[in-house]
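**Q** What follows is the file work.cif, containing mmCIF, C-alpha atoms and all ligand atoms:
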```cif
data_structure
#
loop_
_atom_site.label_atom_id
_atom_site.label_comp_id
_atom_site.auth_asym_id
_atom_site.auth_seq_id
_atom_site.Cartn_x
_atom_site.Cartn_y
_atom_site.Cartn_z
CA MET N 1 2.03 -6.97 -12.71
CA ALA N 2 2.42 -3.24 -12.70
CA TYR N 3 -0.19 -0.77 -11.57
CA SER N 4 -2.62 -1.18 -14.42
CA LYS N 5 -3.88 1.95 -16.14
CA GLU N 6 -7.44 0.86 -15.29
CA ASN N 7 -6.68 0.68 -11.61
CA TYR N 8 -4.79 3.97 -11.65
CA ASP N 9 -7.66 5.76 -13.41
CA ARG N 10 -10.24 4.16 -11.15
CA VAL N 11 -8.39 5.11 -7.98
CA LYS N 12 -7.82 8.69 -9.20
CA GLN N 13 -11.53 8.98 -9.86
CA GLU N 14 -12.39 7.51 -6.49
CA ILE N 15 -10.18 10.07 -4.73
CA ALA N 16 -11.54 12.94 -6.85
CA GLY N 17 -15.00 11.74 -5.80
CA ARG N 18 -14.02 12.02 -2.13
CA ARG N 19 -12.94 15.62 -2.72
CA GLN N 20 -16.19 16.46 -4.48
CA ARG N 21 -18.17 14.89 -1.67
CA ALA N 22 -16.18 16.81 0.93
CA PHE N 23 -17.03 20.09 -0.83
CA ALA N 24 -20.66 19.17 -1.41
CA GLU N 25 -21.09 18.34 2.28
CA TYR N 26 -19.36 21.56 3.27
CA GLU N 27 -21.68 23.54 1.01
CA MET N 28 -24.69 21.88 2.60
CA ARG N 29 -23.47 22.86 6.05
CA ALA N 30 -22.68 26.39 4.87
CA ALA N 31 -26.14 26.82 3.35
CA GLU N 32 -27.84 25.39 6.42
CA THR N 33 -26.06 27.71 8.87
CA ALA N 34 -26.24 30.75 6.59
CA SER N 35 -30.01 30.47 6.34
CA THR N 36 -30.52 30.40 10.10
CA LEU N 37 -27.59 32.51 11.37
CA PRO N 38 -27.10 35.88 9.63
CA GLU N 39 -23.84 36.41 11.53
CA VAL N 40 -22.40 33.22 10.01
CA TYR N 41 -23.57 34.25 6.57
CA GLU N 42 -21.82 37.61 6.93
CA LEU N 43 -18.56 36.08 8.21
CA ASN N 44 -18.51 33.47 5.45
CA ARG N 45 -18.99 36.17 2.84
CA LYS N 46 -16.04 38.13 4.25
CA ILE N 47 -13.82 35.04 4.38
CA ALA N 48 -14.70 34.26 0.77
CA MET N 49 -13.40 37.75 -0.16
CA THR N 50 -9.84 36.90 0.92
CA GLY N 51 -8.81 35.42 -2.41
CA PRO N 52 -10.18 38.25 -4.55
CA LYS N 53 -8.62 40.79 -2.14
CA ILE N 54 -5.16 39.28 -2.65
CA LEU N 55 -5.73 39.21 -6.38
CA ASP N 56 -6.84 42.87 -6.47
CA ALA N 57 -3.81 43.97 -4.47
CA ALA N 58 -1.52 42.03 -6.82
CA MET N 59 -3.14 43.58 -9.90
CA GLU N 60 -2.68 47.06 -8.48
CA HIS N 61 0.94 46.27 -7.48
CA ARG N 62 0.15 46.84 -3.81
CA LEU N 63 0.90 43.29 -2.75
CA ASP N 64 4.09 43.52 -0.71
CA ASP N 65 4.86 41.26 2.26
CA ASP N 66 3.17 43.62 4.71
CA ALA N 67 -0.03 43.80 2.69
CA LEU N 68 -0.15 40.03 2.32
CA GLU N 69 0.53 39.56 6.01
CA SER N 70 -2.26 41.89 7.02
CA ILE N 71 -4.78 40.20 4.69
CA LYS N 72 -3.80 36.81 6.13
CA LYS N 73 -4.14 38.09 9.68
CA GLU N 74 -7.56 39.47 8.92
CA ASN N 75 -8.57 36.10 7.45
CA THR N 76 -7.32 34.19 10.50
CA ALA N 77 -9.25 36.53 12.79
CA LEU N 78 -12.44 36.08 10.76
CA ARG N 79 -12.07 32.27 10.88
CA GLU N 80 -11.52 32.39 14.62
CA LYS N 81 -14.61 34.50 15.04
CA LEU N 82 -16.60 32.08 12.86
CA ARG N 83 -15.54 29.18 15.08
CA ARG N 84 -16.70 31.05 18.20
CA VAL N 85 -20.04 32.03 16.66
CA LEU N 86 -20.68 28.45 15.59
CA GLU N 87 -19.91 27.12 19.04
CA LYS N 88 -22.08 29.74 20.67
CA ASN N 89 -24.96 28.50 18.51
CA GLY N 90 -24.48 24.89 19.43
CA TYR N 91 -22.44 23.73 16.42
CA PRO N 92 -18.97 22.13 16.52
CA ALA N 93 -16.30 24.83 16.05
CA ASP N 94 -15.02 23.19 12.87
CA TYR N 95 -18.48 22.80 11.39
CA LEU N 96 -17.65 25.05 8.45
CA GLU N 97 -14.33 23.54 7.51
CA VAL N 98 -14.03 21.20 4.55
CA LYS N 99 -13.59 17.70 5.96
CA TYR N 100 -11.31 15.70 3.69
CA THR N 101 -10.95 11.96 4.00
CA CYS N 102 -7.19 12.53 3.87
CA GLU N 103 -5.99 15.77 5.45
CA LYS N 104 -2.49 15.21 4.10
CA CYS N 105 -3.40 15.72 0.45
CA GLY N 106 -6.87 17.29 0.73
CA ASP N 107 -8.19 14.35 -1.33
CA THR N 108 -6.11 15.19 -4.39
CA GLY N 109 -3.97 12.02 -4.18
CA TYR N 110 -0.76 14.03 -4.31
CA VAL N 111 1.36 16.01 -1.89
CA GLY N 112 3.32 18.31 -4.17
CA ILE N 113 4.56 16.00 -6.89
CA ASP N 114 4.64 12.91 -4.67
CA MET N 115 1.83 10.39 -4.60
CA CYS N 116 0.09 10.56 -1.21
CA SER N 117 0.05 7.47 0.99
CA CYS N 118 -3.77 7.32 0.73
CA MET N 119 -3.52 6.90 -3.04
CA LYS N 120 -0.76 4.31 -2.76
CA GLU N 121 -2.88 2.31 -0.34
CA ALA N 122 -5.92 2.53 -2.61
CA LEU N 123 -3.80 1.38 -5.54
CA THR N 124 -2.37 -1.53 -3.55
CA ARG N 125 -5.90 -2.53 -2.56
CA ALA N 126 -7.12 -2.23 -6.16
CA GLU N 127 -4.22 -4.32 -7.41
CA PHE N 128 -4.86 -6.84 -4.67
CA GLN N 129 -8.51 -7.10 -5.69
CA SER N 130 -7.86 -7.30 -9.42
CA SER N 131 -4.99 -9.72 -8.96
CA GLY N 132 -7.38 -12.44 -7.87
CA LEU N 133 -5.44 -12.64 -4.63
CA SER N 134 -8.35 -11.22 -2.65
CA ARG N 135 -10.62 -14.04 -3.84
CA LEU N 136 -7.86 -16.49 -3.07
CA ALA N 137 -7.50 -14.97 0.39
CA GLU N 138 -11.14 -15.76 1.18
CA THR N 139 -10.40 -19.46 1.00
CA GLN N 140 -6.69 -19.36 1.80
CA SER N 141 -6.36 -17.90 5.27
CA PHE N 142 -4.56 -19.03 8.41
CA GLU N 143 -7.90 -20.35 9.66
CA THR N 144 -8.45 -22.58 6.64
CA PHE N 145 -4.94 -24.00 6.65
CA ASP N 146 -5.38 -27.74 7.14
CA LEU N 147 -2.63 -29.46 9.09
CA SER N 148 -4.21 -32.89 8.61
CA PHE N 149 -2.36 -33.24 5.30
CA TYR N 150 0.96 -33.45 7.13
CA THR N 151 2.35 -36.16 9.38
CA GLY N 152 5.42 -36.86 11.51
CA ARG N 153 8.36 -34.53 10.95
CA ASP N 154 6.51 -32.76 8.12
CA LEU N 155 3.77 -31.87 10.58
CA ASP N 156 6.27 -30.58 13.14
CA LEU N 157 7.88 -28.36 10.52
CA MET N 158 4.53 -27.12 9.29
CA LYS N 159 3.41 -26.18 12.81
CA ILE N 160 6.58 -24.12 13.14
CA ASN N 161 5.98 -22.46 9.75
CA LEU N 162 2.42 -21.61 10.68
CA GLU N 163 3.45 -20.18 14.02
CA ARG N 164 6.35 -18.13 12.61
CA LEU N 165 4.21 -16.60 9.86
CA ARG N 166 1.33 -15.86 12.22
CA GLU N 167 3.73 -14.18 14.59
CA PHE N 168 5.23 -12.24 11.68
CA THR N 169 1.76 -11.06 10.61
CA ASP N 170 0.49 -10.17 14.09
CA ASN N 171 3.61 -8.20 15.01
CA PHE N 172 4.28 -6.87 11.53
CA SER N 173 6.47 -3.79 11.33
CA GLU N 174 7.89 -2.42 8.10
CA GLU N 175 11.03 -1.52 10.01
CA THR N 176 11.81 -4.42 12.31
CA SER N 177 10.19 -7.56 10.90
CA ASP N 178 12.45 -10.32 9.58
CA SER N 179 12.56 -11.55 6.00
CA PHE N 180 11.67 -15.15 5.18
CA ILE N 181 12.37 -17.60 2.41
CA LEU N 182 9.80 -20.39 2.05
CA LEU N 183 11.51 -23.44 0.59
CA GLY N 184 9.83 -26.58 -0.72
CA ALA N 185 8.16 -28.33 -3.64
CA THR N 186 4.83 -27.18 -5.10
CA GLY N 187 1.61 -28.08 -3.36
CA LEU N 188 2.92 -27.92 0.20
CA GLY N 189 1.21 -24.71 1.32
CA LYS N 190 3.72 -21.95 0.56
CA THR N 191 1.25 -19.97 -1.52
CA HIS N 192 -1.58 -20.59 0.92
CA LEU N 193 0.42 -19.24 3.84
CA SER N 194 1.96 -16.28 2.01
CA THR N 195 -1.48 -15.31 0.68
CA SER N 196 -2.76 -15.40 4.27
CA VAL N 197 0.11 -13.16 5.34
CA ALA N 198 -0.49 -10.70 2.48
CA ALA N 199 -4.21 -10.38 3.11
CA ARG N 200 -3.81 -9.91 6.85
CA VAL N 201 -1.00 -7.36 6.57
CA ILE N 202 -2.99 -5.37 3.98
CA GLU N 203 -6.00 -5.43 6.32
CA ARG N 204 -3.81 -3.92 8.97
CA GLY N 205 -3.19 -0.96 6.67
CA TYR N 206 0.26 -1.72 5.33
CA SER N 207 1.24 -1.60 1.68
CA VAL N 208 1.94 -5.06 0.32
CA ILE N 209 3.02 -6.18 -3.12
CA TYR N 210 2.55 -9.87 -3.90
CA GLU N 211 3.94 -10.82 -7.29
CA SER N 212 5.58 -13.71 -9.04
CA ALA N 213 9.27 -13.30 -9.81
CA GLN N 214 8.27 -13.33 -13.49
CA ASP N 215 5.94 -10.35 -12.99
CA VAL N 216 8.62 -8.40 -11.14
CA ILE N 217 10.96 -8.96 -14.06
CA SER N 218 8.27 -8.01 -16.59
CA THR N 219 7.99 -4.64 -14.86
CA PHE N 220 11.72 -4.04 -15.24
CA GLU N 221 11.58 -5.18 -18.87
CA GLN N 222 8.78 -2.73 -19.61
CA ILE N 223 10.90 0.05 -18.19
CA ARG N 224 14.00 -1.15 -20.01
CA PHE N 225 12.24 -1.21 -23.37
CA GLY N 226 10.54 2.11 -22.80
CA ARG N 227 7.04 0.72 -22.43
CA ASP N 228 6.69 2.03 -18.95
CA TYR N 229 3.06 2.06 -17.82
CA THR N 230 4.18 1.21 -14.36
CA SER N 231 3.93 4.64 -12.66
CA GLY N 232 6.97 3.94 -10.57
CA ARG N 233 6.16 0.31 -9.81
CA ASP N 234 9.88 -0.51 -9.73
CA LYS N 235 10.29 2.00 -6.93
CA GLU N 236 7.31 0.50 -5.11
CA TYR N 237 9.11 -2.83 -4.91
CA GLN N 238 11.65 -1.06 -2.76
CA ASP N 239 9.27 1.20 -0.88
CA CYS N 240 6.29 -1.03 -0.05
CA ASP N 241 6.06 -2.22 3.55
CA LEU N 242 6.07 -5.89 2.58
CA LEU N 243 7.15 -7.46 -0.70
CA ILE N 244 6.23 -11.08 -1.40
CA ILE N 245 7.96 -12.65 -4.41
CA ASP N 246 6.23 -15.86 -5.40
CA ASP N 247 7.76 -18.65 -7.44
CA LEU N 248 11.36 -17.51 -7.54
CA GLY N 249 13.22 -19.80 -9.91
CA VAL N 250 10.48 -20.23 -12.50
CA GLU N 251 11.37 -17.02 -14.36
CA VAL N 252 13.74 -16.93 -17.33
CA SER N 253 17.21 -16.50 -15.91
CA ASN N 254 19.84 -14.27 -17.47
CA GLN N 255 22.17 -11.52 -16.34
CA PHE N 256 19.46 -8.89 -16.61
CA THR N 257 16.82 -10.79 -14.63
CA VAL N 258 19.31 -11.85 -11.98
CA SER N 259 20.45 -8.29 -11.42
CA CYS N 260 16.83 -7.02 -11.23
CA ILE N 261 16.01 -9.51 -8.50
CA TYR N 262 19.26 -8.81 -6.70
CA ASN N 263 18.73 -5.05 -6.70
CA VAL N 264 15.22 -5.34 -5.30
CA ILE N 265 16.23 -7.77 -2.55
CA ASN N 266 19.39 -5.92 -1.67
CA SER N 267 17.88 -2.45 -1.48
CA ARG N 268 15.16 -3.74 0.85
CA LEU N 269 17.69 -5.47 3.07
CA VAL N 270 19.79 -2.32 3.24
CA ARG N 271 16.72 -0.38 4.34
CA GLY N 272 15.66 -3.06 6.81
CA LYS N 273 12.35 -3.74 5.02
CA PRO N 274 10.89 -7.26 5.19
CA THR N 275 10.54 -9.47 2.12
CA ILE N 276 9.10 -12.97 1.73
CA ILE N 277 10.33 -15.22 -1.08
CA ASN N 278 8.68 -18.48 -2.16
CA THR N 279 10.71 -20.94 -4.17
CA ASN N 280 10.52 -24.55 -5.31
CA LEU N 281 14.27 -24.62 -5.65
CA SER N 282 16.52 -26.25 -3.09
CA GLN N 283 19.44 -24.31 -1.64
CA GLY N 284 21.76 -26.14 -4.06
CA GLU N 285 19.59 -25.30 -7.07
CA MET N 286 19.40 -21.67 -5.93
CA ARG N 287 23.20 -21.50 -5.85
CA GLN N 288 23.44 -22.97 -9.33
CA ARG N 289 20.89 -20.65 -10.79
CA TYR N 290 21.76 -17.34 -9.18
CA ALA N 291 25.01 -15.54 -8.72
CA ASP N 292 26.72 -16.13 -5.41
CA ARG N 293 26.01 -12.57 -4.28
CA ILE N 294 22.24 -13.27 -4.40
CA THR N 295 22.25 -16.63 -2.69
CA SER N 296 24.65 -15.63 0.04
CA ARG N 297 22.61 -12.46 0.61
CA ILE N 298 19.38 -14.45 0.86
CA PHE N 299 20.68 -17.32 2.98
CA GLY N 300 22.63 -14.92 5.16
CA GLU N 301 19.71 -12.62 5.94
CA PHE N 302 16.42 -14.44 5.30
CA ARG N 303 15.00 -16.90 7.81
CA PRO N 304 14.37 -20.19 6.01
CA LEU N 305 11.08 -22.06 6.48
CA LEU N 306 11.04 -25.60 5.14
CA PHE N 307 7.92 -27.08 3.54
CA THR N 308 8.06 -30.86 3.24
CA GLY N 309 5.53 -33.62 2.76
CA LEU N 310 3.19 -34.94 0.10
CA ASP N 311 1.56 -32.62 -2.42
CA VAL N 312 -1.61 -31.38 -0.69
CA ARG N 313 -3.49 -30.90 -3.97
CA GLN N 314 -2.91 -34.50 -4.91
CA GLN N 315 -3.90 -35.67 -1.44
CA LYS N 316 -7.15 -33.69 -1.76
CA ILE N 317 -7.93 -35.36 -5.07
CA GLY N 318 -7.12 -38.71 -3.48
CA ARG N 319 -9.44 -38.01 -0.55
CA ALA N 320 -12.22 -36.84 -2.82
CA MET N 321 -12.06 -40.06 -4.80
CA LYS N 322 -12.36 -42.29 -1.77
ZN ZN D 401 -3.88 11.57 0.81
#
```
In structure tokens, how does this file's structure come out?
**A**
Amino acid sequence: MAYSKENYDRVKQEIAGRRQRAFAEYEMRAAETASTLPEVYELNRKIAMTGPKILDAAMEHRLDDDALESIKKENTALREKLRRVLEKNGYPADYLEVKYTCEKCGDTGYVGIDMCSCMKEALTRAEFQSSGLSRLAETQSFETFDLSFYTGRDLDLMKINLERLREFTDNFSEETSDSFILLGATGLGKTHLSTSVAARVIERGYSVIYESAQDVISTFEQIRFGRDYTSGRDKEYQDCDLLIIDDLGVEVSNQFTVSCIYNVINSRLVRGKPTIINTNLSQGEMRQRYADRITSRIFGEFRPLLFTGLDVRQQKIGRAMK
């Protein structure tokens, strides 16, 4: 799943809305102070003349470095004076500055040509919500994980899995956290626990991509065949703080898909960024299916967590029928 056009448009609009609100609120404050404080009104008027002054000087070919410098100085002095006057009258000094939600990009979503982190986060959140994962996360959290479906050695393993992944989530760092591979048959809680991790790490403000291996490959196929609506999604796989690849081993396997997966995993390992992989395949099946360079990379660098036991979904059906 790439960034959908709907989500992109919606997030752009949301950020543009923040900018409009920031200006509208500023204008309210400007009008309020101008009506009661003539000195503020006068200073604001002078500050507003800075732009036209620069333009005039440019038109008349008088705009050399010295001229520009002196206009800027004058502007800084006026702003300083405005701050003092506001304070003197019981307002905060920055009362007449536009207050953006994100100071980095001034609520435009971009810093130069790069997408700002605020926009990336909003997109990740939008994708998370539209992916259905957020609804899933309401019922599938660490708190709702039910250990009563496991017994004996399975239970011991599951307690370890739960503890490791909780620890991972609580101490998450995009630079120092380990990578994990969750191994085991379907219905043993891999998706439940990785959904819990994703939701919690997103809540903590990190960028997380949670996708099936098939969706990751679809993104690369779109790019390969020139149908790229992904707005750099392939790069996001490498850049996001946490990447969770669900269901590795279910996707169609060929040279192209294998190298896509390898490149994503490898570039994250090189940069020390954590990744979580879920797979139903055993180590042996992984080796058969993927080139040696992938499996040795994964088993050399990822911490394995084993999921064993009886299919929880089937147990639930069994319990319900009793
Ligand atoms: Zn921003």
**Q** Specify the axis-aligned box that encloses all atoms of region 14-27 of chain N listed in the file after padding of 4 Å on each side, stating its centre and edge lengths in Å to one decimal as AutoDock Vina command-line options.
**A**
```
--center_x -15.9 --center_y 15.5 --center_z -1.8 --size_x 19.5 --size_y 24.0 --size_z 18.1
```
**Q** Using only C-alpha atoms and all ligand atoms, find each residue with an atom at most 6 Å away from ligand ZN 401 (chain D) and format the answer as a list in words.
**A**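 Residues satisfying the distance criterion: Cys102, Lys104, Cys105, Asp107, Gly109, Cys116, Ser117 and Cys118 of chain N.
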**Q** For Lys273 (chain N), please output as an MDAnalysis selection string all residues within 7 Å (counting all atoms listed in the file; exclusion window: fewer than 5 positions along the same chain).
**A** chainID N and resid 174:175 241 268
**Q** In Å, rounded to a single decimal, give me how far CA of Ser267 (chain N) is from CA of Arg233 (chain N).
**A**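 Computing the Euclidean distance for CA of Arg233 (chain N) and CA of Ser267 (chain N) yields 14.6 Å.
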**Q** Figure out the distance between CA of Phe23 (chain N) and CA of Tyr206 (chain N), please, to one decimal in Å.
**A**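 Rounded to one decimal, the two atoms are 28.5 Å apart.
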**Q** Pick the closest to Leu306 (chain N) from N:Leu183, N:Met115, N:Val85, N:Ala58: which is it, counting only C-alpha atoms?
**A**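 The answer is N:Leu183, which sits nearest to Leu306 (chain N).
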**Q** Kindly give the distance, in Å, that separates CA of Ala213 (chain N) and CA of Ala199 (chain N), rounded to a single decimal.
**A** 18.9 Å
**Q** For Glu87 (chain N), which of N:Asn263, N:Ser173, N:Thr33, N:Ser212 is the closest residue, counting all atoms listed in the file?
**A**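 Using all atoms listed in the file, the shortest distance to Glu87 (chain N) belongs to N:Thr33.
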**Q** For Val208 (chain N), find every residue with an atom within 9 Å (counting all atoms listed in the file), except residues of its own chain fewer than 4 positions away, and show them as a PDB file with C-alpha atoms, in the coordinates of the input.
**A**
```
ATOM      1  CA  GLU N 121      -2.880   2.310  -0.340  1.00  0.00           C
ATOM      2  CA  THR N 124      -2.370  -1.530  -3.550  1.00  0.00           C
ATOM      3  CA  ARG N 125      -5.900  -2.530  -2.560  1.00  0.00           C
ATOM      4  CA  PHE N 128      -4.860  -6.840  -4.670  1.00  0.00           C
ATOM      5  CA  ALA N 198      -0.490 -10.700   2.480  1.00  0.00           C
ATOM      6  CA  ALA N 199      -4.210 -10.380   3.110  1.00  0.00           C
ATOM      7  CA  VAL N 201      -1.000  -7.360   6.570  1.00  0.00           C
ATOM      8  CA  ILE N 202      -2.990  -5.370   3.980  1.00  0.00           C
ATOM      9  CA  CYS N 240       6.290  -1.030  -0.050  1.00  0.00           C
ATOM     10  CA  ASP N 241       6.060  -2.220   3.550  1.00  0.00           C
ATOM     11  CA  LEU N 242       6.070  -5.890   2.580  1.00  0.00           C
ATOM     12  CA  LEU N 243       7.150  -7.460  -0.700  1.00  0.00           C
ATOM     13  CA  ILE N 244       6.230 -11.080  -1.400  1.00  0.00           C
TER      14      ILE N 244
END
```
**Q** Neighbours of region 280-290 of chain N within 8 Å (all atoms listed in the file; same-chain residues fewer than 4 positions away dropped), as a PDB file with C-alpha atoms, keeping the file's coordinate frame?
**A**
```
ATOM      1  CA  LEU N 183      11.510 -23.440   0.590  1.00  0.00           C
ATOM      2  CA  GLY N 184       9.830 -26.580  -0.720  1.00  0.00           C
ATOM      3  CA  ALA N 185       8.160 -28.330  -3.640  1.00  0.00           C
ATOM      4  CA  THR N 186       4.830 -27.180  -5.100  1.00  0.00           C
ATOM      5  CA  ASP N 247       7.760 -18.650  -7.440  1.00  0.00           C
ATOM      6  CA  LEU N 248      11.360 -17.510  -7.540  1.00  0.00           C
ATOM      7  CA  GLY N 249      13.220 -19.800  -9.910  1.00  0.00           C
ATOM      8  CA  SER N 253      17.210 -16.500 -15.910  1.00  0.00           C
ATOM      9  CA  VAL N 258      19.310 -11.850 -11.980  1.00  0.00           C
ATOM     10  CA  ILE N 294      22.240 -13.270  -4.400  1.00  0.00           C
ATOM     11  CA  THR N 295      22.250 -16.630  -2.690  1.00  0.00           C
TER      12      THR N 295
END
```
**Q** With distances taken over only C-alpha atoms, which of N:Glu127, N:Glu69, N:Ile54, N:Cys260 is nearest to Arg10 (chain N)?
**A**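 For Arg10 (chain N), the nearest of the given residues is N:Glu127.
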**Q** Which is closest to Arg224 (chain N) among N:Asp292, N:Ile265, N:Thr257, N:Arg21, if we use all atoms listed in the file?
**A**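 Of N:Asp292, N:Ile265, N:Thr257, N:Arg21, the one nearest Arg224 (chain N) is N:Thr257, counting all atoms listed in the file.
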**Q** Which residue, N:Leu182, N:Ile223, N:Val216, N:Ala22, has the smallest gap to Ile261 (chain N) when you use all atoms listed in the file?
**A**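 Nearest candidate to Ile261 (chain N) out of N:Leu182, N:Ile223, N:Val216, N:Ala22: N:Val216.
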**Q** At most 9 Å is the cut-off: for each residue in region 182-269 of chain N with any atom that close to an atom of region 163-170 of chain N, write down the nearest atom pair and the distance in Å rounded to one decimal, counting all atoms listed in the file, chain first then increasing number, as CSV.
**A**
```
residue,atom,partner,partner_atom,distance
N:Leu193,CA,N:Leu165,CA,7.6
N:Ser194,CA,N:Leu165,CA,8.2
N:Ser196,CA,N:Thr169,CA,8.9
N:Val197,CA,N:Thr169,CA,5.9
N:Ala198,CA,N:Thr169,CA,8.4
N:Arg200,CA,N:Thr169,CA,6.8
N:Val201,CA,N:Thr169,CA,6.1
```
**Q** When you count all atoms listed in the file, which of these residues is closest to Asp154 (chain N): N:Gly318, N:Pro92, N:Gly309, N:Gly272?
**A**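 When distances to Asp154 (chain N) are compared using all atoms listed in the file, the smallest one comes from N:Gly309.
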**Q** Have region 251-263 of chain N completed to N, CA, C and O atoms, please, and pass it along as a compact mmCIF listing (two decimals), in the coordinates of the input.
**A**
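What follows is the written file result.txt:
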```txt
# COMPACT_ATOMS: atom_id res chain seq x y z
N GLU N 251 11.15 -18.03 -13.33
CA GLU N 251 11.37 -17.02 -14.36
C GLU N 251 12.57 -17.35 -15.24
O GLU N 251 13.43 -18.12 -14.85
N VAL N 252 12.59 -16.78 -16.44
CA VAL N 252 13.74 -16.93 -17.33
C VAL N 252 14.95 -16.30 -16.63
O VAL N 252 14.84 -15.23 -16.04
N SER N 253 16.05 -17.02 -16.65
CA SER N 253 17.21 -16.50 -15.91
C SER N 253 18.32 -16.06 -16.87
O SER N 253 18.79 -16.82 -17.69
N ASN N 254 18.66 -14.79 -16.76
CA ASN N 254 19.84 -14.27 -17.47
C ASN N 254 20.42 -13.14 -16.63
O ASN N 254 19.89 -12.83 -15.56
N GLN N 255 21.49 -12.54 -17.15
CA GLN N 255 22.17 -11.52 -16.34
C GLN N 255 21.22 -10.39 -15.93
O GLN N 255 21.24 -9.93 -14.80
N PHE N 256 20.38 -9.99 -16.88
CA PHE N 256 19.46 -8.89 -16.61
C PHE N 256 18.48 -9.24 -15.50
O PHE N 256 18.33 -8.50 -14.52
N THR N 257 17.84 -10.43 -15.62
CA THR N 257 16.82 -10.79 -14.63
C THR N 257 17.46 -11.01 -13.25
O THR N 257 16.91 -10.60 -12.23
N VAL N 258 18.64 -11.61 -13.25
CA VAL N 258 19.31 -11.85 -11.98
C VAL N 258 19.64 -10.52 -11.29
O VAL N 258 19.44 -10.37 -10.08
N SER N 259 20.08 -9.54 -12.08
CA SER N 259 20.45 -8.29 -11.42
C SER N 259 19.21 -7.52 -10.96
O SER N 259 19.24 -6.82 -9.94
N CYS N 260 18.08 -7.66 -11.69
CA CYS N 260 16.83 -7.02 -11.23
C CYS N 260 16.45 -7.55 -9.86
O CYS N 260 16.16 -6.78 -8.93
N ILE N 261 16.42 -8.88 -9.75
CA ILE N 261 16.01 -9.51 -8.50
C ILE N 261 16.99 -9.12 -7.38
O ILE N 261 16.59 -8.77 -6.27
N TYR N 262 18.26 -9.15 -7.71
CA TYR N 262 19.26 -8.81 -6.70
C TYR N 262 19.05 -7.39 -6.18
O TYR N 262 19.05 -7.15 -4.97
N ASN N 263 18.86 -6.45 -7.12
CA ASN N 263 18.73 -5.05 -6.70
C ASN N 263 17.53 -4.83 -5.79
O ASN N 263 17.61 -4.09 -4.81
```
